[in-house]
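Peer 1: After the structure tokens below, expect a handful of questions from me.
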Amino acid sequence: MAGRGLRALFSSNDRSISADEAFTNRQSQWQAVTACLAEHIRYVTRADFDAEDLESPRGNILVFHGVGGIGKSTLSRKIEASLARSEHRPVQWEPPSHPEERTLPVRIDLARAAGTDFERVILTIRLAVAALGRPMPAFDLALRRYWEHNHPGESIEDYLRRGGLLSRFSAAAALPQQMQSALSDVAQALLLPGTVGSALGHGAGALIKALRERRQSLRVLAGCSRLADLLEAEPDLEALSFYPHLLAWDLAQLPVDKSAVPVILLDTFEDTGDRTHRDFERLLQRIVWLMPNAFFVVTGRNRLQWAETSLEGQLDWVGPNAWPGLVPGDASYSRSGASGRQILIGDFSLEDCEDYLARRLSRGGRPLIDEPVRRTIAERSHGLPLYLDLSVMRYLELRRGGRPPQVTDFDHDFPALIARTLSDLTADERHVLRSVSLLSAFSVPLATKVAGMGHDAPALRLIERPFIRESPSGAWPFHIHDLIRSAIRNADDGSDDRWSQQDWQRAAQRAFQALEEEWRQDLRRDRTVLVGCLHQGLLLARDFRLELNWLGDASFQYVADSIWEPLTLPAASDTSSDGLQTAADALVETLSAIARRQHEHRECTVSRLSTVLASGLLPDELVELATYYLAKAQRDLGLTEDSRRGMQRVASAGGRLAFAAGRGLAHLSRLSGDFPAAMEAARSLGWEGRHQRVLGDVWWVQGEMDRAASAYLAARSEAEQHGAVGETAMSQAHLAFAVAFTDPVKADDELDLADRLLSRLSLRSTEMTARIAALVRDAGYAADLPDRAAILFAEIGVSGISYAAAKLQLALCFHNAVLDARDELTTGISRLRELTHSGGYAYYVEIAHFMADLPLGAHTARAQWIDGEERTRERWRNIVMTRRNHLGTA
């Protein structure tokens, strides 16, 4: 039973509990092993393969790296077992694609706790090869000389027995005999008395001389061109690290039916040293390079840097020419086109997590941990197996308390996660890691600023760690693994250099200031930078109760272009009943309500913004922001007077939204039917008040479609000149709507452009305008138009945008007027009266009558048309008749 299973077994007196080490599917990693191994076998079995070649690039290595606790060692053990015996292979793993070739798998744990030194690595590899039952004469000669020099009086057999290696390998007992056989053959060939063992001590010169002269009597060894040089060298650790070259040569001399491919699995590679001290790593790299006919599977926390030329002088073979498959980010190299050789081991899927927990502890064949608890643990684990195992132990610990563990018991962070994460980091790297845990995403320069450091080196080293994930999208490419970030921020940190609350507060202030610098230095005004700074800055201000400062300016920039990327933040741990405690809480809620109104009913927007204003938490300069958008939502709901009062407050204050509020008042005049007042207001708005769009809104209801289209086109051009993407899309959608009444063919192009502009944004009301425009374009033509309108009515009902429902009903009236469908038109006008009974957009009822040339009822509200009712009636009737005539000729 493996270690984890034993820990669980000894955590309970209940012997009915089965504590198994569950292995969860790592099929993609196994497929990578079998594919690369098959490619390696094809390479080494080629006729032109030379085991003594020291110059060709090496592709005999595959690296799996990932965070501590991700399951690398378990994977390494499973690969060894699966290659050794097929019955140990998990059922979901397919058989290797090289059954005709024998493999010799051997796993070497390089963890410090395992006490593995370089001698033990070399001996372990030789013991694995002993299973072939053949001497390795070149290697054994050199090893025997090394051993007698460095272990006088101690036989290899005694050493193996004392180190536990004899019991691990079934063929280990045969190793001394194999070595003795090789030595005896050489002694006989040299006509030396006894064995060559003594000759290596007293007559090594004779052996070396014979090898250099390539004597026929030593034909078995004479082909090994570097054996004499290695025997002549001082038999120290440096020389030992080159002996694998001899073992590779010996393996290459075996007959095909006696040969095998060693598969050497080097686990816990991070414990071989650090990025500065690479002595042990250098020795291990020599083994990989000098044994090109062996295949190596390395598992560790960090990717190998062997393909980087910066390591010249620290390692013997470095650079992309030496290790093409280890080039960072290169997934293209292989001798046969396979993928790159450094693979980040990913987190478990949610299903794999639950499967792991179900099989980890069981009783009577049924999972001991019930399904709700398993689901909660799986969700909080973010796929990290170490968290799953720690949760299993917590489950057993809580169970010993006498009550069944509950779901709430696993809202928990484990200090052990921090210990595993920090264990091989330098002090500077730990400082940077804690600092950037305050951020959801970061770059190297940002990390350096947040950490308060004057150089980037610690941040550059940190981003190479496997718990730092890289994503090309967004303003900053790096982020910490979610679970590890949570643990660093929230769990009790018992490390020697742990941070106090004051340390966290100072770091938060540094991060807040660094984000301000990022935002203000963004000369291109990139929306991703703005939203990233705003999102992270709001979270810091809320969680650490910082002054808003630059967040006010950033908030106004955020709303200026009406793009509405989501700004919802994670819930705070200590909020009041209404969720608001600080100015940052209030600003978060304000911006979230403004953005979410594109996806929520306007009543929800009114409620949220009213709550914010009632809290009194917003600074004065931000009160107008909430007031203005509250008034907009009230207008959409038909609460005209409430909206008018809010707009007047904002306009009279003369703040940043004064022009926008002026536009709002102009809209209110328009929806009440006072078109001259709306025109007058538009003249004073300028670009800031979007005057051209206001004019277009006035002209189209007059039936002046050409003038409306010209105004909307001018509005779009102004928006493009100012780089206002949202305003550009809104103006284009309104342009398409105006054109749709008079030129359906041209409307196709205008709608296509509107759809392209809107596809990158979240402007729900404008999207509805575009969809209504499509119905207007098809009026009189499309038999399915009423059905399409019914679907859109349902969506509008969810949003609470009352004016959109009235506008859609007017489009239906246009359709029925074109078709001269009097009954449907009468029903549509009645529905239009209901939708505008509050007074807003009541003139739509008039327009519907104009379309069909119907007399107005005595109690119909009358709008103040720009050039009178008769001229307006005539224009609308002409629009209908033109469409009808076109249908007749189509």
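In the structure tokens, the first chain shown is A, the next is B, and so on; residue numbers restart at 1 for each chain, and ligands run from 1 in the order shown.
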Which residues, written as a ChimeraX atom specification, have at least one atom at most 8 Å from Leu887 in chain A, with only C-alpha atoms counted and residues fewer than 4 positions away on the same chain left out?

Peer 2: /A:780-781,883

Peer 1: Give me, as a PyMOL selection string, all polymer residues having an atom no more than 10 Å from range 424-429 of chain A, counting only C-alpha atoms and skipping those fewer than 6 positions away in the same chain.

Peer 2: chain A and resi 270-271+273-275+301+435+451+453+457-463+465+497

Peer 1: For those residues, write all heavy atoms to a file as a CSV table (one decimal), in the first residue's frame.

Peer 2:
chain,number,residue,atom,x,y,z
A,270,GLU,N,13.2,18.5,-9.1
A,270,GLU,CA,13.5,19.8,-8.5
A,270,GLU,C,14.4,19.7,-7.3
A,270,GLU,O,15.1,20.7,-7.0
A,270,GLU,CB,12.2,20.5,-8.1
A,270,GLU,CG,11.5,19.8,-6.9
A,270,GLU,CD,10.5,18.7,-7.3
A,270,GLU,OE1,10.5,18.3,-8.5
A,270,GLU,OE2,9.7,18.3,-6.5
A,271,ASP,N,14.6,18.5,-6.7
A,271,ASP,CA,15.4,18.3,-5.6
A,271,ASP,C,16.9,18.1,-5.9
A,271,ASP,O,17.7,17.9,-5.1
A,271,ASP,CB,14.9,17.2,-4.7
A,271,ASP,CG,13.8,17.6,-3.7
A,271,ASP,OD1,13.4,18.8,-3.9
A,271,ASP,OD2,13.4,16.8,-2.9
A,273,GLY,N,18.7,20.4,-7.0
A,273,GLY,CA,19.4,21.7,-6.8
A,273,GLY,C,18.6,22.8,-7.1
A,273,GLY,O,17.3,22.7,-7.3
A,274,ASP,N,19.1,24.0,-7.2
A,274,ASP,CA,18.4,25.2,-7.6
A,274,ASP,C,18.9,25.8,-8.8
A,274,ASP,O,19.8,25.2,-9.5
A,274,ASP,CB,18.3,26.2,-6.4
A,274,ASP,CG,19.7,26.6,-6.0
A,274,ASP,OD1,20.6,26.7,-6.8
A,274,ASP,OD2,19.9,26.8,-4.7
A,275,ARG,N,18.4,27.0,-9.2
A,275,ARG,CA,18.8,27.6,-10.5
A,275,ARG,C,20.3,28.1,-10.4
A,275,ARG,O,20.8,28.6,-11.4
A,275,ARG,CB,17.9,28.7,-10.8
A,275,ARG,CG,16.4,28.2,-11.0
A,275,ARG,CD,16.3,27.2,-12.1
A,275,ARG,NE,15.0,26.5,-12.2
A,275,ARG,CZ,14.0,26.9,-13.0
A,275,ARG,NH1,14.2,28.0,-13.7
A,275,ARG,NH2,12.9,26.2,-13.0
A,301,ARG,N,8.8,19.8,-10.6
A,301,ARG,CA,8.0,21.0,-10.5
A,301,ARG,C,8.3,21.9,-11.7
A,301,ARG,O,7.4,22.7,-12.1
A,301,ARG,CB,8.2,21.7,-9.2
A,301,ARG,CG,7.7,20.9,-8.0
A,301,ARG,CD,7.7,21.8,-6.8
A,301,ARG,NE,7.3,21.1,-5.6
A,301,ARG,CZ,7.2,21.6,-4.4
A,301,ARG,NH1,7.4,22.9,-4.2
A,301,ARG,NH2,6.8,20.8,-3.4
A,435,SER,N,3.3,38.9,-2.9
A,435,SER,CA,2.8,40.2,-3.4
A,435,SER,C,1.9,40.1,-4.6
A,435,SER,O,0.8,40.7,-4.6
A,435,SER,CB,4.0,41.1,-3.9
A,435,SER,OG,4.9,41.3,-2.8
A,451,ALA,N,6.0,44.2,-5.6
A,451,ALA,CA,6.9,43.6,-4.6
A,451,ALA,C,7.8,44.7,-4.0
A,451,ALA,O,8.5,44.5,-3.0
A,451,ALA,CB,7.7,42.5,-5.1
A,453,MET,N,10.5,45.9,-5.4
A,453,MET,CA,11.9,45.6,-5.7
A,453,MET,C,12.4,46.5,-6.8
A,453,MET,O,11.7,47.0,-7.6
A,453,MET,CB,12.0,44.1,-6.1
A,453,MET,CG,11.7,43.2,-4.9
A,453,MET,SD,12.1,41.5,-5.3
A,453,MET,CE,12.1,40.7,-3.7
A,457,ALA,N,14.7,40.2,-11.5
A,457,ALA,CA,15.2,38.8,-11.5
A,457,ALA,C,14.3,37.8,-10.7
A,457,ALA,O,13.9,36.8,-11.2
A,457,ALA,CB,16.6,38.7,-11.0
A,458,PRO,N,13.8,38.2,-9.5
A,458,PRO,CA,13.0,37.3,-8.8
A,458,PRO,C,11.7,37.0,-9.5
A,458,PRO,O,11.2,35.9,-9.5
A,458,PRO,CB,12.7,38.0,-7.4
A,458,PRO,CG,13.9,38.9,-7.3
A,458,PRO,CD,14.2,39.3,-8.7
A,459,ALA,N,11.1,38.0,-10.1
A,459,ALA,CA,9.8,37.9,-10.8
A,459,ALA,C,10.1,37.0,-12.1
A,459,ALA,O,9.2,36.2,-12.4
A,459,ALA,CB,9.2,39.2,-11.2
A,460,LEU,N,11.2,37.2,-12.7
A,460,LEU,CA,11.5,36.4,-13.9
A,460,LEU,C,11.7,34.9,-13.5
A,460,LEU,O,11.2,34.0,-14.3
A,460,LEU,CB,12.8,36.9,-14.6
A,460,LEU,CG,12.6,38.2,-15.4
A,460,LEU,CD1,14.0,38.7,-15.7
A,460,LEU,CD2,11.8,38.0,-16.6
A,461,ARG,N,12.3,34.6,-12.4
A,461,ARG,CA,12.4,33.2,-11.9
A,461,ARG,C,11.0,32.7,-11.5
A,461,ARG,O,10.7,31.5,-11.8
A,461,ARG,CB,13.4,33.2,-10.8
A,461,ARG,CG,14.8,33.5,-11.1
A,461,ARG,CD,15.8,33.0,-10.0
A,461,ARG,NE,15.5,33.6,-8.7
A,461,ARG,CZ,16.0,34.7,-8.3
A,461,ARG,NH1,16.9,35.4,-9.1
A,461,ARG,NH2,15.7,35.2,-7.1
A,462,LEU,N,10.2,33.5,-10.9
A,462,LEU,CA,8.9,33.1,-10.4
A,462,LEU,C,8.0,32.6,-11.6
A,462,LEU,O,7.3,31.6,-11.4
A,462,LEU,CB,8.3,34.2,-9.6
A,462,LEU,CG,6.9,33.8,-8.9
A,462,LEU,CD1,7.2,32.8,-7.8
A,462,LEU,CD2,6.2,35.0,-8.4
A,463,ILE,N,8.0,33.3,-12.7
A,463,ILE,CA,7.1,33.0,-13.7
A,463,ILE,C,7.4,31.7,-14.4
A,463,ILE,O,6.6,31.1,-15.2
A,463,ILE,CB,7.0,34.1,-14.8
A,463,ILE,CG1,8.3,34.3,-15.5
A,463,ILE,CG2,6.5,35.4,-14.2
A,463,ILE,CD1,8.3,35.3,-16.6
A,465,ARG,N,7.9,29.0,-12.7
A,465,ARG,CA,7.4,28.0,-11.8
A,465,ARG,C,6.1,27.4,-12.3
A,465,ARG,O,5.3,28.2,-12.9
A,465,ARG,CB,7.2,28.5,-10.4
A,465,ARG,CG,8.4,29.1,-9.7
A,465,ARG,CD,9.5,28.0,-9.5
A,465,ARG,NE,10.7,28.5,-8.8
A,465,ARG,CZ,11.6,27.8,-8.3
A,465,ARG,NH1,11.5,26.5,-8.4
A,465,ARG,NH2,12.7,28.3,-7.8
A,497,ASP,N,9.3,33.3,7.3
A,497,ASP,CA,9.2,34.7,6.8
A,497,ASP,C,7.7,35.1,6.4
A,497,ASP,O,7.5,35.9,5.5
A,497,ASP,CB,10.0,34.9,5.5
A,497,ASP,CG,9.6,33.8,4.4
A,497,ASP,OD1,8.8,33.0,4.7
A,497,ASP,OD2,10.2,34.0,3.3

Peer 1: Residues within 9 Å of Phe793 in chain A, please, as a list in words. Count only C-alpha atoms; anything in the same chain fewer than 3 positions from it doesn't count.

Peer 2: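 With the cut-off at 9 Å, the set is Arg788, Ala789, Ala790, Ile796, Gly797, Val798, Ala804, Ala805, Leu808 and Gln809 of chain A.
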
Peer 1: Set the distance at 10 Å and use only C-alpha atoms: which residues neighbour Pro566 in chain A once local chain neighbours fewer than 4 positions away are removed? I'd like the list as a list in words.

Peer 2: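 Once the nearby chain positions are removed, what remains is Val531, His535, Leu591, Ser592, Ala593, Ile594, Ala595, Arg596 and Ser762 of chain A.
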
Peer 1: Just the residues within 9 Å of Ser607 in chain A, please, counting only C-alpha atoms, with nothing from its chain fewer than 5 positions along; format it as a PyMOL selection string.

Peer 2: chain A and resi 602+612+630

Peer 1: As a PyMOL selection string, please: the residues near range 679-694 of chain A (cut-off 8 Å, only C-alpha atoms, same-chain neighbours under 2 positions excluded).

Peer 2: chain A and resi 659-663+666-667+675-677+696-698+711-712+714-715+718+731

Peer 1: Take the residues just selected and output them with C-alpha atoms as a CSV table (one decimal), in the first residue's frame.

Peer 2:
chain,number,residue,atom,x,y,z
A,659,PHE,CA,-23.7,66.9,-21.4
A,660,ALA,CA,-24.9,63.3,-21.1
A,661,ALA,CA,-27.7,64.5,-18.8
A,662,GLY,CA,-28.5,67.2,-21.3
A,663,ARG,CA,-29.0,64.5,-23.9
A,666,ALA,CA,-33.6,66.0,-24.8
A,667,HIS,CA,-34.7,62.4,-25.0
A,675,PHE,CA,-39.9,67.8,-30.7
A,676,PRO,CA,-39.1,71.5,-31.0
A,677,ALA,CA,-37.7,71.4,-27.5
A,696,GLY,CA,-31.5,61.6,-35.9
A,697,ASP,CA,-33.8,60.4,-33.1
A,698,VAL,CA,-36.0,63.5,-33.7
A,711,ALA,CA,-27.6,62.7,-38.8
A,712,TYR,CA,-26.9,59.1,-37.7
A,714,ALA,CA,-22.6,62.1,-39.0
A,715,ALA,CA,-22.9,60.7,-35.5
A,718,GLU,CA,-17.8,61.7,-35.1
A,731,SER,CA,-25.2,55.2,-34.3

Peer 1: So how many Å separate CA of Ile345 in chain A and CA of Thr299 in chain A, to one decimal?

Peer 2: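 Answer for the CA of Ile345 in chain A to CA of Thr299 in chain A separation: 9.6 Å.
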
Peer 1: Using only C-alpha atoms, determine which residues lie at most 12 Å from Leu290 in chain A, disregarding the query and same-chain residues fewer than 2 positions distant; provide the list as an MDAnalysis selection string.

Peer 2: chainID A and resid 50:58 60 226 240:249 283:288 292:296 316:317

Peer 1: Run DSSP on the backbone and give me the residues of range 524-625 of chain A it puts in alpha helix (DSSP H), as a ChimeraX atom specification.

Peer 2: /A:527-543,551-560,583-596,602-615,620-625

Peer 1: Find, counting only C-alpha atoms, the residue in A:Pro176, A:Pro262, A:Pro367, A:Pro235 that gets nearest to Val44 in chain A.

Peer 2: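 Using only C-alpha atoms, the shortest distance to Val44 in chain A belongs to A:Pro262.
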
Peer 1: Given only C-alpha atoms as the basis, pick out the residue of A:Arg282, A:Met136, A:Val880, A:Arg525 nearest to Asp820 in chain A.

Peer 2: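 Closest to Asp820 in chain A, using only C-alpha atoms: A:Val880.
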
Peer 1: Could you work out how far CA of Ala322 in chain A lies from CA of Ala128 in chain A, giving the answer in Å with one decimal?

Peer 2: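 Going from CA of Ala128 in chain A over to CA of Ala322 in chain A covers 27.1 Å.
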
Peer 1: Select, from A:His479, A:Arg485, A:Lys72, A:Lys78, the residue with the minimum atom-to-atom distance to Phe442 in chain A, counting only C-alpha atoms.

Peer 2: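 Of the candidates, the smallest distance to Phe442 in chain A is held by A:His479.
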
Peer 1: Between A:Ser486, A:Ser610, A:Gln598, A:Ser717, which has the minimum distance to Leu439 in chain A (counting only C-alpha atoms)?

Peer 2: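 Among the listed residues, A:Ser486 lies closest to Leu439 in chain A.
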